[in-house]
Each structure stands twice: as C-alpha cells, then as structure tokens.
Amino acid sequence: MSSSPKPADLVTVNIDGRDISVPKGTNVIEAAKQLGIEIPHYCYHPKLTVVGNCRMCLIEMGLPLMDPATKQPVLAAATGKLKVNWMPRPQIGCATNAMPGLHIRTSTPMVKECREGVTEMLLINHPLDCPICDQAGECKLQEHSTEYGRGYSRFVEHKNVKPKRTSLGPRVTLDDERCILCSRCIRFSKEVAHDDVLGFIDRGSYSTLTCYPGKKLENNYSLCTVDICPVGALTSTDFRFKMRVWFLKQTPSIDTESSVGANTEVWSREGVIYRLTPRRNDEVNDTWMSDSGRMLYQQVKSADRLASPAINGAATDFETALKAAGNLLRAGSVAVVGSGRSSVEEQFLTKKLADALKVSASLVSRVGEGDKILISSDCNPNVRGALVTGLIAALPSQKLESLAADIDAGKVKTILSVGEDLVAAGLTAAQFAKVSVIYLGTHANATSAAARVVIPTLTVFEKSGTMVNQQFRLQKFSKAVPGPAGVTDDLVTLSNLLAAVGGATISSDLNTLWTTLSAESKALAGLSYATLPATGKILDASAWSALPFVEGETLHFKPAAVPAAASS
C-alpha cells in the first residue's frame, strides 16, 4: 500500500481562484476533481498513459510572474496580489501536472469556445444512434455534448459511413461510426493486458479502429476496453441490446474465480443479473477485471443448479432434509470437508460444527495457472479466511488423501461436504459406497448424485458476507438477487446443523454473527460487517504474519508506472 505523501511532497495550485494542496506531479484533471470541478475529457484515463489527442480538456494555464533580477514573484502594486503570466494559448489538462504556483482556469470564454469546437468536430460524423446505443445512459459524449456543446451543428454534409457491427474478438463488437479515436482501448491492450493487438488505419475522418492483420482481441481482459470506451463504439457481445443501464441496480461484489478478489459491480433488475463490471479499488484491481470473472453470473440460472433438498435422490423439504442430516451427524464417525469458496462467516460456522463433532475439518486446494495480472494461481477465493477463522491450520492439498485412508480404515461413516465435489478431490466410487454423504452446494455434480442428503445453497450473488484475499485483505460482498424459491441461506443451514448436533447456539444473522466472530478471532477483533470499508481492510499483521501463503502464488495486480506526459 502506498503511504500518504509527506507535507514536503505537497504543492499548492490555484484552480479557478481556489487553492488546493496536492502531491507534486498530480494530474490537473485529478486535482480539479478534488475541488468538485470537472475538466471534461475523453482520451485521458487515470490508469493509462497520457496521449492528449482528444483536446477536450483544454484549459488556460499560467505561472507566477518572476522578477528576473531577484527571482522572486512579482506582486501587483495596487492589490498586493500575485501577478500571473497567463499563456496565450490553451493547454491540455491531461498533460499538465501540479507544480508550485501553477494557476488554472477552467471556465473562461476561451475554454468554453474550445470545448464547443471539439464537441462540434466529434459530432460531425457521429451517428444519431442514441436511442439504440448500448452506451446510452453512461456515454461521456452524450453528457459532454449536453454540458459543453453548442446545441446545434453548422455542418450539412453527409456523414461518413463506417462498419457498424465488426467482431473484434469473441466478446467485443465494434461500431466504428461511433468511435471518437480516443485510443483508450489501444493503450489498455498494450499497457495493461500486454496484448498489443489494436490500432488505427486510414487518415482524418476516415480513420477506423481495427485489429492487426491475423490477430483478434481475445485476451482475458478484452471487455475492459468496453468499460473504458467513453462512447458506444466498443460493446459487450454478451450484454448487447439486453437492457438499458438506467433500469439496472448496482450491487458491490467480489470476483470469486481466484484469491485476488477483484472488486466487482453486479448489475441486475427484478432478480435477474445482466452483467458484471469492475469496481474501482486501487489497492486490489485498479479499475479492471477478467472476462472469465464476468461470466460467473451465468451460474445463477444454469441448468445444473440445485433447486430443492433431496434424500436419496427424492425431493423433500428443507426441514426434513435438515433432520436427516442431523441424524447422520449425531451417529458419529463423521468427517467435515469445508470449502475455500465459502465466506468467512460460513467457514466460521463450519469450524464450530466440526468442533461440536470433535473432528478436524479438511479443505481442498485448487491450483491453476496465474496470469500475473488479476488471476492468481490459487483458484480458491477464501483459503485465507479458513486460516484466519481457524477452520484449517495448514495449507490444504488438492486431494483428500487422508480422508480416503480413513474411509478405507473404517474410521469415517458420514461425510459433510460444504460445496466440494469429493469425486474431483480424489474419492473413488468404492469409497463412496462405504459412507453416507451430506452435500451442501449450489450445483449438481458427482457428489450430489451419490449423496444421501442434499441441501442446496446460494451463490455469491444471492447472499452477503466477506472473504479474505491473497493480501489478507478482508472484503465484503452484498446480496444482489434473491435465491431460488426453497433454497435457504448457507448461514441458516449451518447454524441449524450446529444446533442439531448439540453445538452452541449462534445466530445466522450476519451482523449478529460478526459480534461472535470478532470476539473469537484475533485477526478480526474490533471489526464488523456493517463498518467494513468498501475497499476492504488489511488484517492486523501480528495476527496473520505466521500464516502460510500458497506456494508459487502470483502477487495481486500492480499497475505499471505511467510515463510522464510530454508537454502539449
């Protein structure tokens, strides 16, 4: 984490007559934003290099007039105020960094005229697609045209015609007529995704965006170009023409495909999820997320979703299934298999359940290939939560070899699996025949098919909770849509199972549960779900410094240094 700048690193700049102290080198657009002043822009993005090609951010810039003899600022004799030497031409704000004594004007007649001219130029060949454009409602060209444009056009010539439905790759569709040549997508592909595949061809008003010959925009971060496109040129093939964004509700969540824990936004309406987009968190994922993580919402309505409890394959109600599971657990010779995909709260109750049964819980490791961007080699999102809550004391293995040996030795007669496919974890059909399995999970698999009792649970989009990412950063996610009818919240199920085996009575209410959780876990002491910051909280180093990391794990995304912008 970056430390706060020292006072000596701060410089004072004046924007529209108001002074503000910012770290030296801060972009003027960002400095003005801190004062609530918008400097409109298209090509500028805080996480990409500066190119200064849209010219929408033109401002007036000046520096104190210096006496050449004394090298001191000159003061006006009448007022005693600092004299400012204003440059005769406007400058681009995106390539201007804060320096001592810098003065900026953002609303003078010259600046307004420049913005009107840039807007008029951008609209010369722009199609009147707003009624059918996917970007409507979140389009910067719409917003800036209304705020800074003339409101009319002086051009009567026919607009240039360009390709309207170009497939740049499997997930991104391009409408070239809408492109304003900001080059954000080009820079992102090169600088962040490390896949230099996009570029412009032809000249002037005939310039178009395209892929290099023989290449496609098919890297796992291609949809980030859709996020940062300021107009409706780049669209998501999956989301295209499905829903107007102003109808959608936004809910903060987490990408659960790996331990990076990228922050996300779930867009839903009337219980249906339409898309996932990244949520900015500079400490974890900047403003990016993977394409594969965006597709996770499809699991909510997938054909293999478990929709009702079952005993020996026959559908039943929740209470009956819960009673049958309790009877099996009380019979003894039990093994508990937790999950690195469960929330911290679910893992805490799983530990309490294992303690009540006087057994140790197992966990299954998932190790894949990290991409050194936002996909970790640890494919479980919450192994560290299991370490912090004490569900496990050491890193898990990918196969349940110890459990398999106990089954063969006759030590285990019942297995409670919380979301884990035991077949994928190495148990054989012969071993399944020797035990009764209680399966808590969201989707059908080989374990649910062979289980004595099945109790369906909720996906991450249908419940609230927290997870601990590979930085040991505790992050929360919120319920976006309701679960299927008849499917009970995981916390309710685990709390009832705990009571059924004679364990402590612990509330399944999230906020109440955190009172117990923070009291019993040193790493979580003093924390609560309600007050956890949106960007998460790094857990106290003294509480987790001795806990192990996944061997060979990729560190979380670190943005590359942005080269200093050249003078305009």
# chains A, B, ... in the order shown; residues from 1 in each chain; ligands from 1

$ residues_around --residues "A:Arg171" --least-positions-apart "2" --cutoff "10 Å" --atoms "only C-alpha atoms" --output "PDB file with C-alpha atoms, in the first residue's frame"
ATOM      1  CA  SER A 167     -16.422  -8.501 -34.368  1.00  0.00           C
ATOM      2  CA  LEU A 168     -13.022  -7.661 -32.894  1.00  0.00           C
ATOM      3  CA  GLY A 169     -12.980 -10.913 -30.948  1.00  0.00           C
ATOM      4  CA  THR A 173     -18.289  -5.900 -31.038  1.00  0.00           C
ATOM      5  CA  LEU A 217      -8.985  -9.055 -29.435  1.00  0.00           C
ATOM      6  CA  GLU A 218      -9.367 -12.271 -27.466  1.00  0.00           C
ATOM      7  CA  ASN A 219      -7.260 -11.893 -24.327  1.00  0.00           C
ATOM      8  CA  ASN A 220      -8.934 -12.475 -20.959  1.00  0.00           C
ATOM      9  CA  TYR A 221      -9.265  -8.713 -20.345  1.00  0.00           C
ATOM     10  CA  SER A 222     -10.839  -7.705 -23.667  1.00  0.00           C
ATOM     11  CA  LEU A 223     -14.070  -6.486 -22.052  1.00  0.00           C
ATOM     12  CA  VAL A 226     -15.727  -1.833 -23.343  1.00  0.00           C
ATOM     13  CA  THR A 235     -19.828  -3.068 -26.840  1.00  0.00           C
ATOM     14  CA  SER A 236     -20.072  -6.357 -24.971  1.00  0.00           C
ATOM     15  CA  THR A 237     -21.414  -9.045 -27.297  1.00  0.00           C
ATOM     16  CA  ASP A 238     -22.964 -10.761 -24.273  1.00  0.00           C
ATOM     17  CA  PHE A 239     -24.738  -7.639 -22.932  1.00  0.00           C
ATOM     18  CA  ASP A 291     -13.523 -11.613 -18.877  1.00  0.00           C
TER      19      ASP A 291
END

$ residues_around --residues "A:Ser183" --least-positions-apart "4" --cutoff "9 Å" --atoms "only C-alpha atoms" --output "list in words"
Cys43, Val51, Asn53, Arg187, Phe188, Gly199, Phe200, Leu209 and Cys229 of chain A

$ select_by_dssp --residues "stretch 9-231 of chain A" --states "strand (DSSP E or B)" --output "PyMOL selection string"
chain A and resi 10-15+18-23+27+58-64+66+73+75+82+84-86+91-92+97+103-105+166-167+172-174+198-201+208-211

$ closest_residue --among "A:Ser402, A:Ser339, A:Asn97, A:Ser508" --to "A:Val383" --atoms "only C-alpha atoms"
A:Ser339

$ residues_around --residues "A:Asp286" --least-positions-apart "3" --cutoff "12 Å" --atoms "only C-alpha atoms" --output "PyMOL selection string"
chain A and resi 45-48+192+224+260-264+278-283+289+373-374+535+556-560

$ closest_residue --among "A:Thr256, A:Asn14, A:Thr320, A:Thr459" --to "A:Arg294" --atoms "only C-alpha atoms"
A:Thr256

$ residues_around --residues "stretch 304-311 of chain A" --least-positions-apart "3" --cutoff "12 Å" --atoms "only C-alpha atoms" --output "ChimeraX atom specification"
/A:298-301,314-325,328,419,436-446,448-459,483-488,493

$ residues_around --residues "stretch 519-530 of chain A" --least-positions-apart "6" --cutoff "8 Å" --atoms "only C-alpha atoms" --output "list of chain:residue names"
A:Val388, A:Thr389, A:Gly465, A:Thr466, A:Lys476, A:Leu510, A:Asn511, A:Leu539, A:Asp540, A:Ala543, A:Trp544

$ write_last_selection --atoms "C-alpha atoms" --output "CSV table (one decimal), in the first residue's frame"
chain,number,residue,atom,x,y,z
A,388,VAL,CA,-7.9,-16.7,9.9
A,389,THR,CA,-11.1,-18.4,11.3
A,465,GLY,CA,-20.6,-12.0,3.5
A,466,THR,CA,-16.9,-11.4,3.5
A,476,LYS,CA,-17.3,-7.8,1.7
A,510,LEU,CA,-24.8,-11.6,9.5
A,511,ASN,CA,-24.3,-8.6,11.8
A,539,LEU,CA,-5.9,-7.6,8.7
A,540,ASP,CA,-3.5,-7.0,11.6
A,543,ALA,CA,-2.5,-11.9,13.7
A,544,TRP,CA,-1.6,-13.5,10.4

$ atom_distance --atom1 "atom CA of A:Ala425" --atom2 "atom CA of A:Val364"
6.9 Å

$ closest_residue --among "A:Val460, A:Ile415, A:Ala361, A:Ala534" --to "A:Ala331" --atoms "only C-alpha atoms"
A:Ile415

$ closest_residue --among "A:Val118, A:Leu123, A:Val50, A:Cys182" --to "A:Gly93" --atoms "only C-alpha atoms"
A:Val50

$ atom_distance --atom1 "atom CA of A:Glu270" --atom2 "atom CA of A:Tyr297"
14.7 Å

$ atom_distance --atom1 "atom CA of A:Ala354" --atom2 "atom CA of A:Leu400"
16.7 Å

$ residues_around --residues "stretch 142-148 of chain A" --least-positions-apart "6" --cutoff "8 Å" --atoms "only C-alpha atoms" --output "ChimeraX atom specification"
/A:40,112,115-116,119,136
